[in-house]
>>> print(open('coords-v9.cif').read())   # mmCIF, C-alpha atoms
data_coords
loop_
_atom_site.group_PDB
_atom_site.id
_atom_site.type_symbol
_atom_site.label_atom_id
_atom_site.label_comp_id
_atom_site.auth_asym_id
_atom_site.auth_seq_id
_atom_site.Cartn_x
_atom_site.Cartn_y
_atom_site.Cartn_z
ATOM 1 C CA MET A 1 23.342 1.876 21.347
ATOM 2 C CA ALA A 2 21.069 4.728 20.260
ATOM 3 C CA LEU A 3 21.735 4.004 16.594
ATOM 4 C CA GLY A 4 20.866 0.355 17.108
ATOM 5 C CA PHE A 5 17.540 1.242 18.736
ATOM 6 C CA LEU A 6 16.777 3.731 15.959
ATOM 7 C CA HIS A 7 17.597 1.081 13.356
ATOM 8 C CA HIS A 8 15.115 -1.292 14.995
ATOM 9 C CA ILE A 9 12.439 1.411 14.746
ATOM 10 C CA GLY A 10 13.105 1.737 11.005
ATOM 11 C CA THR A 11 12.933 -2.045 10.617
ATOM 12 C CA PHE A 12 9.609 -2.113 12.477
ATOM 13 C CA LEU A 13 8.229 0.607 10.183
ATOM 14 C CA LEU A 14 9.103 -1.488 7.128
ATOM 15 C CA LEU A 15 7.287 -4.441 8.690
ATOM 16 C CA SER A 16 4.300 -2.204 9.428
ATOM 17 C CA ALA A 17 4.230 -1.052 5.798
ATOM 18 C CA THR A 18 4.165 -4.692 4.719
ATOM 19 C CA VAL A 19 1.270 -5.569 7.020
ATOM 20 C CA LEU A 20 -0.738 -2.506 5.946
ATOM 21 C CA LEU A 21 -0.364 -3.437 2.275
ATOM 22 C CA ILE A 22 -1.409 -7.007 3.054
ATOM 23 C CA VAL A 23 -4.671 -5.537 4.384
ATOM 24 C CA THR A 24 -5.102 -3.682 1.093
ATOM 25 C CA CYS A 25 -4.344 -6.803 -0.947
ATOM 26 C CA ILE A 26 -6.971 -8.912 0.853
ATOM 27 C CA SER A 27 -9.733 -6.343 0.289
ATOM 28 C CA ALA A 28 -12.886 -7.307 -1.615
ATOM 29 C CA PRO A 29 -13.556 -9.838 -3.004
ATOM 30 C CA VAL A 30 -11.289 -11.715 -0.533
ATOM 31 C CA VAL A 31 -12.692 -9.947 2.548
ATOM 32 C CA ASN A 32 -16.080 -8.409 1.726
ATOM 33 C CA ASP A 33 -16.028 -5.545 4.236
ATOM 34 C CA ILE A 34 -12.518 -4.286 3.428
ATOM 35 C CA ALA A 35 -12.617 -1.983 0.410
ATOM 36 C CA LEU A 36 -10.853 0.836 -1.358
ATOM 37 C CA MET A 37 -14.247 2.463 -1.924
ATOM 38 C CA HIS A 38 -17.785 1.836 -0.706
ATOM 39 C CA VAL A 39 -20.900 2.915 -2.600
ATOM 40 C CA ASP A 40 -23.981 2.907 -0.354
ATOM 41 C CA PHE A 41 -27.491 2.969 -1.816
ATOM 42 C CA SER A 42 -30.761 4.048 -0.258
ATOM 43 C CA ASN A 43 -34.163 4.539 -1.852
ATOM 44 C CA GLY A 44 -37.166 5.576 0.192
ATOM 45 C CA ASP A 45 -39.967 4.493 -2.157
ATOM 46 C CA ARG A 46 -38.075 1.751 -3.997
ATOM 47 C CA SER A 47 -36.044 0.220 -1.219
ATOM 48 C CA SER A 48 -37.433 -3.214 -2.046
ATOM 49 C CA LEU A 49 -35.903 -2.947 -5.511
ATOM 50 C CA PHE A 50 -32.458 -2.315 -4.096
ATOM 51 C CA ASP A 51 -31.476 -5.670 -2.710
ATOM 52 C CA SER A 52 -27.836 -4.555 -2.834
ATOM 53 C CA PRO A 53 -27.465 -1.559 -0.467
ATOM 54 C CA SER A 54 -23.690 -1.412 -0.668
ATOM 55 C CA LEU A 55 -20.855 -2.077 -3.107
ATOM 56 C CA ALA A 56 -17.302 -2.726 -1.946
ATOM 57 C CA PHE A 57 -14.519 -2.219 -4.495
ATOM 58 C CA GLY A 58 -11.244 -3.926 -3.681
ATOM 59 C CA THR A 59 -7.893 -4.708 -5.230
ATOM 60 C CA PHE A 60 -8.897 -7.638 -7.407
ATOM 61 C CA GLY A 61 -12.684 -7.335 -7.668
ATOM 62 C CA TRP A 62 -15.811 -6.135 -5.907
ATOM 63 C CA CYS A 63 -18.675 -7.391 -3.756
ATOM 64 C CA GLU A 64 -22.389 -6.673 -3.426
ATOM 65 C CA ASN A 65 -23.024 -6.554 0.309
ATOM 66 C CA HIS A 66 -26.710 -7.207 1.001
ATOM 67 C CA ASN A 67 -28.722 -6.436 4.097
ATOM 68 C CA GLU A 68 -30.447 -9.774 4.459
ATOM 69 C CA ALA A 69 -29.369 -11.968 1.558
ATOM 70 C CA ALA A 70 -25.914 -13.473 1.170
ATOM 71 C CA ASP A 71 -23.174 -11.271 -0.219
ATOM 72 C CA GLU A 72 -22.138 -11.785 -3.828
ATOM 73 C CA CYS A 73 -18.610 -11.232 -5.088
ATOM 74 C CA THR A 74 -16.724 -11.465 -8.340
ATOM 75 C CA ASP A 75 -13.832 -13.857 -8.782
ATOM 76 C CA SER A 76 -10.426 -12.472 -7.922
ATOM 77 C CA ARG A 77 -8.793 -11.218 -11.107
ATOM 78 C CA LEU A 78 -6.723 -8.372 -12.442
ATOM 79 C CA GLY A 79 -8.894 -5.570 -13.829
ATOM 80 C CA TYR A 80 -12.618 -4.974 -13.431
ATOM 81 C CA SER A 81 -15.233 -2.343 -14.284
ATOM 82 C CA PRO A 82 -16.523 -0.267 -11.338
ATOM 83 C CA TYR A 83 -19.102 1.368 -13.618
ATOM 84 C CA THR A 84 -20.645 -1.936 -14.595
ATOM 85 C CA ALA A 85 -20.949 -2.861 -10.922
ATOM 86 C CA ILE A 86 -22.700 0.408 -10.053
ATOM 87 C CA VAL A 87 -25.078 0.251 -13.005
ATOM 88 C CA ARG A 88 -26.078 -3.332 -12.263
ATOM 89 C CA ALA A 89 -26.622 -2.559 -8.586
ATOM 90 C CA MET A 90 -28.755 0.498 -9.365
ATOM 91 C CA GLY A 91 -30.806 -0.847 -12.234
ATOM 92 C CA SER A 92 -30.290 -4.562 -12.670
ATOM 93 C CA SER A 93 -30.298 -5.980 -9.187
ATOM 94 C CA GLY A 94 -30.386 -9.756 -9.098
ATOM 95 C CA ASN A 95 -28.508 -10.323 -12.333
ATOM 96 C CA GLN A 96 -25.524 -12.607 -12.318
ATOM 97 C CA ILE A 97 -22.335 -10.762 -11.492
ATOM 98 C CA ASP A 98 -20.279 -10.277 -14.627
ATOM 99 C CA ASP A 99 -18.194 -7.225 -15.433
ATOM 100 C CA THR A 100 -16.104 -8.542 -18.276
ATOM 101 C CA ASP A 101 -17.114 -5.656 -20.533
ATOM 102 C CA ASP A 102 -17.845 -1.958 -20.315
ATOM 103 C CA ASN A 103 -21.344 -2.168 -21.751
ATOM 104 C CA LEU A 104 -23.272 0.385 -19.747
ATOM 105 C CA GLY A 105 -26.561 -0.192 -21.507
ATOM 106 C CA GLY A 106 -29.416 -2.368 -20.413
ATOM 107 C CA ILE A 107 -30.894 0.137 -17.985
ATOM 108 C CA ASP A 108 -34.469 1.014 -18.748
ATOM 109 C CA ASP A 109 -36.042 4.472 -18.513
ATOM 110 C CA ASP A 110 -38.292 3.664 -15.554
ATOM 111 C CA GLY A 111 -36.570 6.296 -13.492
ATOM 112 C CA TYR A 112 -33.238 4.471 -13.435
ATOM 113 C CA ILE A 113 -30.063 6.001 -14.731
ATOM 114 C CA THR A 114 -28.716 5.600 -18.221
ATOM 115 C CA VAL A 115 -24.972 6.047 -18.564
ATOM 116 C CA ASP A 116 -24.353 5.525 -22.235
ATOM 117 C CA SER A 117 -23.026 9.004 -23.071
ATOM 118 C CA ASP A 118 -19.575 9.378 -24.578
ATOM 119 C CA GLY A 119 -18.197 10.956 -21.426
ATOM 120 C CA ASP A 120 -19.492 8.183 -19.181
ATOM 121 C CA ARG A 121 -18.279 5.482 -21.534
ATOM 122 C CA ALA A 122 -14.808 7.060 -21.699
ATOM 123 C CA ALA A 123 -14.706 7.235 -17.901
ATOM 124 C CA ALA A 124 -15.798 3.589 -17.679
ATOM 125 C CA VAL A 125 -13.015 2.465 -20.010
ATOM 126 C CA THR A 126 -10.467 4.607 -18.157
ATOM 127 C CA THR A 127 -11.368 3.263 -14.731
ATOM 128 C CA ARG A 128 -11.322 -0.315 -15.994
ATOM 129 C CA LYS A 129 -7.791 0.160 -17.353
ATOM 130 C CA LEU A 130 -6.654 1.793 -14.128
ATOM 131 C CA THR A 131 -7.834 -1.215 -12.089
ATOM 132 C CA LYS A 132 -5.255 -3.314 -13.936
ATOM 133 C CA ALA A 133 -2.566 -1.302 -12.153
ATOM 134 C CA MET A 134 -3.776 -2.843 -8.875
ATOM 135 C CA ILE A 135 -1.076 -5.469 -9.361
ATOM 136 C CA LEU A 136 1.276 -2.861 -7.876
ATOM 137 C CA HIS A 137 -0.288 -3.437 -4.442
ATOM 138 C CA PRO A 138 1.225 -6.926 -3.931
ATOM 139 C CA ILE A 139 4.448 -5.829 -5.663
ATOM 140 C CA ALA A 140 4.889 -2.951 -3.209
ATOM 141 C CA CYS A 141 4.033 -5.316 -0.360
ATOM 142 C CA GLY A 142 6.728 -7.755 -1.472
ATOM 143 C CA LEU A 143 9.331 -4.995 -1.813
ATOM 144 C CA ASN A 144 8.630 -3.764 1.715
ATOM 145 C CA PHE A 145 8.981 -7.287 3.058
ATOM 146 C CA ILE A 146 12.323 -7.764 1.262
ATOM 147 C CA ALA A 147 13.542 -4.448 2.701
ATOM 148 C CA PHE A 148 12.445 -5.603 6.159
ATOM 149 C CA MET A 149 14.377 -8.870 5.847
ATOM 150 C CA LEU A 150 17.502 -7.064 4.647
ATOM 151 C CA ALA A 151 17.288 -4.578 7.512
ATOM 152 C CA LEU A 152 17.305 -7.436 10.021
ATOM 153 C CA GLY A 153 20.942 -8.118 9.097
ATOM 154 C CA ALA A 154 21.882 -4.743 10.641
ATOM 155 C CA GLY A 155 25.236 -4.747 8.840
ATOM 156 C CA PHE A 156 26.383 -1.948 6.583
ATOM 157 C CA VAL A 157 25.713 -3.818 3.351
ATOM 158 C CA GLY A 158 22.370 -5.158 4.573
ATOM 159 C CA SER A 159 21.228 -1.757 5.801
ATOM 160 C CA LEU A 160 22.295 -0.049 2.589
ATOM 161 C CA LEU A 161 20.458 -2.590 0.446
ATOM 162 C CA ALA A 162 17.444 -2.362 2.766
ATOM 163 C CA SER A 163 17.268 1.415 2.373
ATOM 164 C CA LEU A 164 17.503 1.151 -1.422
ATOM 165 C CA VAL A 165 14.795 -1.526 -1.647
ATOM 166 C CA ALA A 166 12.652 0.423 0.823
ATOM 167 C CA LEU A 167 12.993 3.520 -1.362
ATOM 168 C CA LEU A 168 11.812 1.494 -4.368
ATOM 169 C CA ALA A 169 8.916 0.162 -2.284
ATOM 170 C CA PHE A 170 7.976 3.702 -1.241
ATOM 171 C CA LEU A 171 7.947 4.928 -4.843
ATOM 172 C CA THR A 172 5.848 1.936 -5.931
ATOM 173 C CA THR A 173 3.411 2.504 -3.074
ATOM 174 C CA CYS A 174 3.120 6.191 -3.985
ATOM 175 C CA VAL A 175 2.347 5.341 -7.607
ATOM 176 C CA ILE A 176 -0.418 2.872 -6.770
ATOM 177 C CA MET A 177 -1.796 5.197 -4.059
ATOM 178 C CA ILE A 178 -2.123 8.010 -6.598
ATOM 179 C CA ILE A 179 -3.775 5.620 -9.061
ATOM 180 C CA ASP A 180 -6.222 4.470 -6.369
ATOM 181 C CA PHE A 181 -7.334 7.983 -5.480
ATOM 182 C CA VAL A 182 -7.539 9.130 -9.107
ATOM 183 C CA LEU A 183 -9.515 6.037 -10.105
ATOM 184 C CA PHE A 184 -12.064 6.236 -7.334
ATOM 185 C CA SER A 185 -12.322 10.011 -7.406
ATOM 186 C CA ILE A 186 -13.589 9.596 -10.979
ATOM 187 C CA VAL A 187 -16.097 7.006 -9.810
ATOM 188 C CA ARG A 188 -17.148 9.163 -6.867
ATOM 189 C CA ALA A 189 -17.659 12.246 -9.043
ATOM 190 C CA HIS A 190 -19.877 10.352 -11.483
ATOM 191 C CA VAL A 191 -21.905 8.740 -8.701
ATOM 192 C CA ASP A 192 -22.578 12.191 -7.263
ATOM 193 C CA ASP A 193 -23.527 13.431 -10.746
ATOM 194 C CA TRP A 194 -25.895 10.519 -11.400
ATOM 195 C CA THR A 195 -27.696 10.945 -8.104
ATOM 196 C CA GLY A 196 -27.716 14.736 -8.141
ATOM 197 C CA GLY A 197 -30.371 15.196 -10.804
ATOM 198 C CA SER A 198 -28.125 17.035 -13.243
ATOM 199 C CA GLY A 199 -28.048 16.352 -16.963
ATOM 200 C CA ASN A 200 -29.456 13.282 -18.653
ATOM 201 C CA ASN A 201 -27.993 10.990 -16.032
ATOM 202 C CA GLY A 202 -29.801 12.449 -13.077
ATOM 203 C CA LEU A 203 -32.351 10.658 -10.938
ATOM 204 C CA THR A 204 -34.694 13.545 -10.307
ATOM 205 C CA GLY A 205 -37.944 12.356 -8.784
ATOM 206 C CA THR A 206 -36.806 8.801 -8.080
ATOM 207 C CA GLY A 207 -35.894 9.372 -4.435
ATOM 208 C CA MET A 208 -32.761 7.285 -4.864
ATOM 209 C CA VAL A 209 -29.562 8.317 -3.119
ATOM 210 C CA ALA A 210 -26.094 6.837 -3.605
ATOM 211 C CA ARG A 211 -23.081 7.890 -1.591
ATOM 212 C CA ALA A 212 -19.492 6.964 -2.475
ATOM 213 C CA ARG A 213 -16.829 7.017 0.222
ATOM 214 C CA TYR A 214 -13.251 5.810 0.520
ATOM 215 C CA GLY A 215 -12.778 2.574 2.405
ATOM 216 C CA SER A 216 -10.223 1.417 4.931
ATOM 217 C CA ALA A 217 -8.004 -0.181 2.272
ATOM 218 C CA ALA A 218 -7.360 3.233 0.710
ATOM 219 C CA TRP A 219 -6.152 4.613 4.033
ATOM 220 C CA THR A 220 -3.970 1.571 4.779
ATOM 221 C CA THR A 221 -2.208 2.221 1.453
ATOM 222 C CA LEU A 222 -1.603 5.835 2.488
ATOM 223 C CA ALA A 223 -0.352 4.746 5.924
ATOM 224 C CA SER A 224 1.914 2.169 4.286
ATOM 225 C CA ALA A 225 3.490 4.854 2.096
ATOM 226 C CA ILE A 226 4.205 6.979 5.184
ATOM 227 C CA CYS A 227 5.715 4.036 7.089
ATOM 228 C CA SER A 228 7.799 3.064 4.075
ATOM 229 C CA LEU A 229 9.150 6.612 3.705
ATOM 230 C CA LEU A 230 10.032 6.931 7.389
ATOM 231 C CA GLY A 231 11.571 3.458 7.422
ATOM 232 C CA THR A 232 13.710 4.313 4.390
ATOM 233 C CA ILE A 233 15.002 7.522 5.970
ATOM 234 C CA ILE A 234 15.742 5.930 9.353
ATOM 235 C CA VAL A 235 17.491 2.833 7.988
ATOM 236 C CA PHE A 236 19.612 4.910 5.608
ATOM 237 C CA PHE A 237 20.482 7.389 8.370
ATOM 238 C CA THR A 238 21.575 4.666 10.794
ATOM 239 C CA CYS A 239 23.544 2.968 8.027
ATOM 240 C CA CYS A 240 25.513 6.117 7.190
ATOM 241 C CA SER A 241 25.925 7.173 10.833
ATOM 242 C CA GLY A 242 27.245 3.784 11.864
ATOM 243 C CA ARG A 243 29.708 3.786 8.999
ATOM 244 C CA LEU A 244 30.980 7.270 9.877
ATOM 245 C CA ARG A 245 31.360 6.377 13.554
ATOM 246 C CA LYS A 246 33.484 3.336 12.741
ATOM 247 C CA ARG A 247 35.692 5.424 10.490
ATOM 248 C CA ARG A 248 36.219 8.001 13.240
ATOM 249 C CA GLU A 249 37.100 5.264 15.704
ATOM 250 C CA ARG A 250 39.668 3.756 13.344
ATOM 251 C CA ARG A 251 41.220 7.168 12.690
ATOM 252 C CA GLY A 252 41.356 7.857 16.411
ATOM 253 C CA VAL A 253 43.186 4.629 17.077
ATOM 254 C CA ALA A 254 45.636 5.263 14.244
ATOM 255 C CA ALA A 255 46.348 8.815 15.424
ATOM 256 C CA ALA A 256 46.815 7.901 19.097
ATOM 257 C CA PRO A 257 50.312 8.920 20.421
ATOM 258 C CA VAL A 258 52.749 6.105 21.092
ATOM 259 C CA GLY A 259 54.812 6.539 24.258
ATOM 260 C CA PRO A 260 58.448 5.471 24.792
ATOM 261 C CA LYS A 261 59.109 1.806 25.118
ATOM 262 C CA THR A 262 59.775 0.553 28.628
ATOM 263 C CA ASP A 263 60.377 -2.753 30.262
ATOM 264 C CA TYR A 264 57.288 -2.338 32.440
ATOM 265 C CA GLY A 265 55.267 -5.483 32.387
ATOM 266 C CA MET A 266 57.974 -7.454 30.564
ATOM 267 C CA PRO A 267 59.250 -10.674 32.140
ATOM 268 C CA ALA A 268 62.529 -10.416 33.994
ATOM 269 C CA ARG A 269 65.599 -11.366 32.048
ATOM 270 C CA ARG A 270 68.721 -13.007 33.471
ATOM 271 C CA ARG A 271 71.808 -10.922 33.404
ATOM 272 C CA ARG A 272 74.531 -12.363 31.305
ATOM 273 C CA ARG A 273 77.794 -12.798 33.114
ATOM 274 C CA PHE A 274 81.071 -12.722 31.433
ATOM 275 C CA GLY A 275 79.217 -12.355 28.111
ATOM 276 C CA ILE A 276 78.312 -16.058 28.175
ATOM 277 C CA PHE A 277 75.471 -16.607 30.641
#
>>> encode(input="coords-v9.cif", output="structure tokens")
Amino acid sequence: MALGFLHHIGTFLLLSATVLLIVTCISAPVVNDIALMHVDFSNGDRSSLFDSPSLAFGTFGWCENHNEAADECTDSRLGYSPYTAIVRAMGSSGNQIDDTDDNLGGIDDDGYITVDSDGDRAAAVTTRKLTKAMILHPIACGLNFIAFMLALGAGFVGSLLASLVALLAFLTTCVIMIIDFVLFSIVRAHVDDWTGGSGNNGLTGTGMVARARYGSAAWTTLASAICSLLGTIIVFFTCCSGRLRKRRERRGVAAAPVGPKTDYGMPARRRRRFGIF
């Protein structure tokens, strides 16, 4: 009974991991306010020039979330350039959204940033390539759902397969979670550098401030990895424990002592007389 309840907990954790990854998959541009990373802009003297106060980077694209105007989002596709989005929002507000290349030029020297150094261009290319790994989000989501369906069978074979698929889902989720945090830590570091007034990319004297922060979709990926790990351990534990218990029960039955045979409980038999009846 206790093993069955524990198995249901593991199954629920696999379902929770699936739902959490669904939230990550429907981040911007599908749902504008759900993002892996937000970049918020503020500019005291030039606030009117910054019609896009916030950027939301998601799994398959990004959105410009405006204060008063309608939000603008890219089409959902695999791979995009976070650097292009930031540069356009900071220096080319109002242009049509298009991040099909890593061209970081086009920003004038009116106090806006220029990010055409070799280091910035290398970081832009790197982050764009890393966004193509976002396809692992729906793959990990699908693996967790398959593990959940297998765990519903509650048999030995189903539980064993569920634990193996859940382990694969956990590893996949860990890989994409690491990629997410590496990718957006690069973006965050460069945003802080651009707005900190250091080097040629600083904005000293402009009064512009940009702040990058991780969004809810990044934390749902982390929570999904934890749920997937716990679900894998619990389902595998209940699978092995149930198998061992059945083996012990079968051995106990086979080793049980057999008493002498008696006629107790047997139907009465007629006595034969004269060896005939």
>>> atom_distance(input="coords-v9.cif", atom1="CA of Gly61 in chain A", atom2="CA of Ile178 in chain A")
18.7 Å
>>> residues_around(input="coords-v9.cif", residues="Asp71 in chain A", least_positions_apart="5", cutoff="9 Å", atoms="only C-alpha atoms", output="short mmCIF file (atom, residue, chain, number, x, y, z; two decimals) with C-alpha atoms, in the frame of the given file")
data_model
loop_
_atom_site.label_atom_id
_atom_site.label_comp_id
_atom_site.auth_asym_id
_atom_site.auth_seq_id
_atom_site.Cartn_x
_atom_site.Cartn_y
_atom_site.Cartn_z
CA ASN A 32 -16.08 -8.41 1.73
CA SER A 52 -27.84 -4.56 -2.83
CA CYS A 63 -18.68 -7.39 -3.76
CA GLU A 64 -22.39 -6.67 -3.43
CA ASN A 65 -23.02 -6.55 0.31
CA HIS A 66 -26.71 -7.21 1.00
#
>>> atom_distance(input="coords-v9.cif", atom1="CA of Thr59 in chain A", atom2="CA of Gly10 in chain A")
27.3 Å
>>> resolve_selection(input="coords-v9.cif", expression="the PyMOL selection byres ((chain A and resi 237) around 10)", output="list in words")
Leu3, Leu6, His7, Gly10, Ser159, Leu160, Ser163, Gly231, Thr232, Ile233, Ile234, Val235, Phe236, Thr238, Cys239, Cys240, Ser241, Gly242 and Arg243 of chain A
>>> atom_distance(input="coords-v9.cif", atom1="CA of Gly79 in chain A", atom2="CA of Asp193 in chain A")
24.2 Å
>>> residues_near_point(input="coords-v9.cif", point="(19.9, -7.8, 2.8)", cutoff="7 Å", atoms="all atoms listed in the file", output="list of chain:residue names")
A:Met149, A:Leu150, A:Ala151, A:Gly153, A:Gly158, A:Ser159, A:Leu161, A:Ala162
>>> residues_around(input="coords-v9.cif", residues="Tyr80 in chain A", least_positions_apart="3", cutoff="12 Å", atoms="all atoms listed in the file", output="ChimeraX atom specification")
/A:29,57-63,74-77,83-86,97-102,124-134,183
>>> closest_residue(input="coords-v9.cif", among="A:Leu171, A:Leu222, A:Val187, A:Cys141", to="Pro82 in chain A", atoms="only C-alpha atoms")
A:Val187
>>> axis_aligned_box(input="coords-v9.cif", around="range 69-85 of chain A", padding_each_side="8 Å", output="AutoDock Vina command-line options")
--center_x -18.0 --center_y -6.2 --center_z -6.5 --size_x 38.6 --size_y 31.2 --size_z 32.2
>>> closest_residue(input="coords-v9.cif", among="A:Asp180, A:Asn67, A:His190, A:Val165", to="Ala122 in chain A", atoms="all atoms listed in the file")
A:His190
>>> closest_residue(input="coords-v9.cif", among="A:Leu78, A:Val182, A:Leu36, A:Val157", to="Ala123 in chain A", atoms="only C-alpha atoms")
A:Val182
>>> closest_residue(input="coords-v9.cif", among="A:Leu152, A:Ala217, A:Leu164, A:Ile26", to="Phe12 in chain A", atoms="all atoms listed in the file")
A:Leu152
>>> build_atoms(input="coords-v9.cif", residues="range 172-194 of chain A", atoms="N, CA and C atoms", output="mmCIF file, in the frame of the given file")
data_model
loop_
_atom_site.group_PDB
_atom_site.id
_atom_site.type_symbol
_atom_site.label_atom_id
_atom_site.label_comp_id
_atom_site.auth_asym_id
_atom_site.auth_seq_id
_atom_site.Cartn_x
_atom_site.Cartn_y
_atom_site.Cartn_z
ATOM 1 N N THR A 172 6.909 2.791 -5.386
ATOM 2 C CA THR A 172 5.848 1.936 -5.931
ATOM 3 C C THR A 172 4.539 2.153 -5.193
ATOM 4 N N THR A 173 4.622 2.264 -3.870
ATOM 5 C CA THR A 173 3.411 2.504 -3.074
ATOM 6 C C THR A 173 2.797 3.854 -3.408
ATOM 7 N N CYS A 174 3.637 4.867 -3.617
ATOM 8 C CA CYS A 174 3.120 6.191 -3.985
ATOM 9 C C CYS A 174 2.401 6.156 -5.326
ATOM 10 N N VAL A 175 2.964 5.431 -6.288
ATOM 11 C CA VAL A 175 2.347 5.341 -7.607
ATOM 12 C C VAL A 175 0.969 4.705 -7.512
ATOM 13 N N ILE A 176 0.876 3.563 -6.831
ATOM 14 C CA ILE A 176 -0.418 2.872 -6.770
ATOM 15 C C ILE A 176 -1.400 3.642 -5.893
ATOM 16 N N MET A 177 -0.902 4.381 -4.883
ATOM 17 C CA MET A 177 -1.796 5.197 -4.059
ATOM 18 C C MET A 177 -2.409 6.316 -4.890
ATOM 19 N N ILE A 178 -1.604 6.955 -5.722
ATOM 20 C CA ILE A 178 -2.123 8.010 -6.598
ATOM 21 C C ILE A 178 -3.142 7.437 -7.575
ATOM 22 N N ILE A 179 -2.838 6.261 -8.133
ATOM 23 C CA ILE A 179 -3.775 5.620 -9.061
ATOM 24 C C ILE A 179 -5.086 5.305 -8.356
ATOM 25 N N ASP A 180 -5.005 4.800 -7.127
ATOM 26 C CA ASP A 180 -6.222 4.470 -6.369
ATOM 27 C C ASP A 180 -7.115 5.698 -6.197
ATOM 28 N N PHE A 181 -6.524 6.795 -5.763
ATOM 29 C CA PHE A 181 -7.334 7.983 -5.480
ATOM 30 C C PHE A 181 -7.843 8.639 -6.768
ATOM 31 N N VAL A 182 -7.052 8.594 -7.832
ATOM 32 C CA VAL A 182 -7.539 9.130 -9.107
ATOM 33 C C VAL A 182 -8.683 8.275 -9.638
ATOM 34 N N LEU A 183 -8.497 6.964 -9.607
ATOM 35 C CA LEU A 183 -9.515 6.037 -10.105
ATOM 36 C C LEU A 183 -10.844 6.230 -9.390
ATOM 37 N N PHE A 184 -10.806 6.198 -8.068
ATOM 38 C CA PHE A 184 -12.064 6.236 -7.334
ATOM 39 C C PHE A 184 -12.593 7.652 -7.144
ATOM 40 N N SER A 185 -11.776 8.647 -7.370
ATOM 41 C CA SER A 185 -12.322 10.011 -7.406
ATOM 42 C C SER A 185 -13.168 10.204 -8.663
ATOM 43 N N ILE A 186 -12.768 9.566 -9.762
ATOM 44 C CA ILE A 186 -13.589 9.596 -10.979
ATOM 45 C C ILE A 186 -14.929 8.914 -10.731
ATOM 46 N N VAL A 187 -14.868 7.741 -10.115
ATOM 47 C CA VAL A 187 -16.097 7.006 -9.810
ATOM 48 C C VAL A 187 -16.982 7.817 -8.863
ATOM 49 N N ARG A 188 -16.374 8.397 -7.843
ATOM 50 C CA ARG A 188 -17.148 9.163 -6.867
ATOM 51 C C ARG A 188 -17.818 10.376 -7.502
ATOM 52 N N ALA A 189 -17.095 11.069 -8.383
ATOM 53 C CA ALA A 189 -17.659 12.246 -9.043
ATOM 54 C C ALA A 189 -18.850 11.877 -9.904
ATOM 55 N N HIS A 190 -18.769 10.752 -10.617
ATOM 56 C CA HIS A 190 -19.877 10.352 -11.483
ATOM 57 C C HIS A 190 -21.062 9.825 -10.685
ATOM 58 N N VAL A 191 -20.797 9.171 -9.562
ATOM 59 C CA VAL A 191 -21.905 8.740 -8.701
ATOM 60 C C VAL A 191 -22.655 9.949 -8.173
ATOM 61 N N ASP A 192 -21.931 10.973 -7.747
ATOM 62 C CA ASP A 192 -22.578 12.191 -7.263
ATOM 63 C C ASP A 192 -23.369 12.869 -8.385
ATOM 64 N N ASP A 193 -22.840 12.821 -9.615
ATOM 65 C CA ASP A 193 -23.527 13.431 -10.746
ATOM 66 C C ASP A 193 -24.806 12.667 -11.086
ATOM 67 N N TRP A 194 -24.721 11.333 -11.067
ATOM 68 C CA TRP A 194 -25.895 10.519 -11.400
ATOM 69 C C TRP A 194 -27.019 10.710 -10.401
#
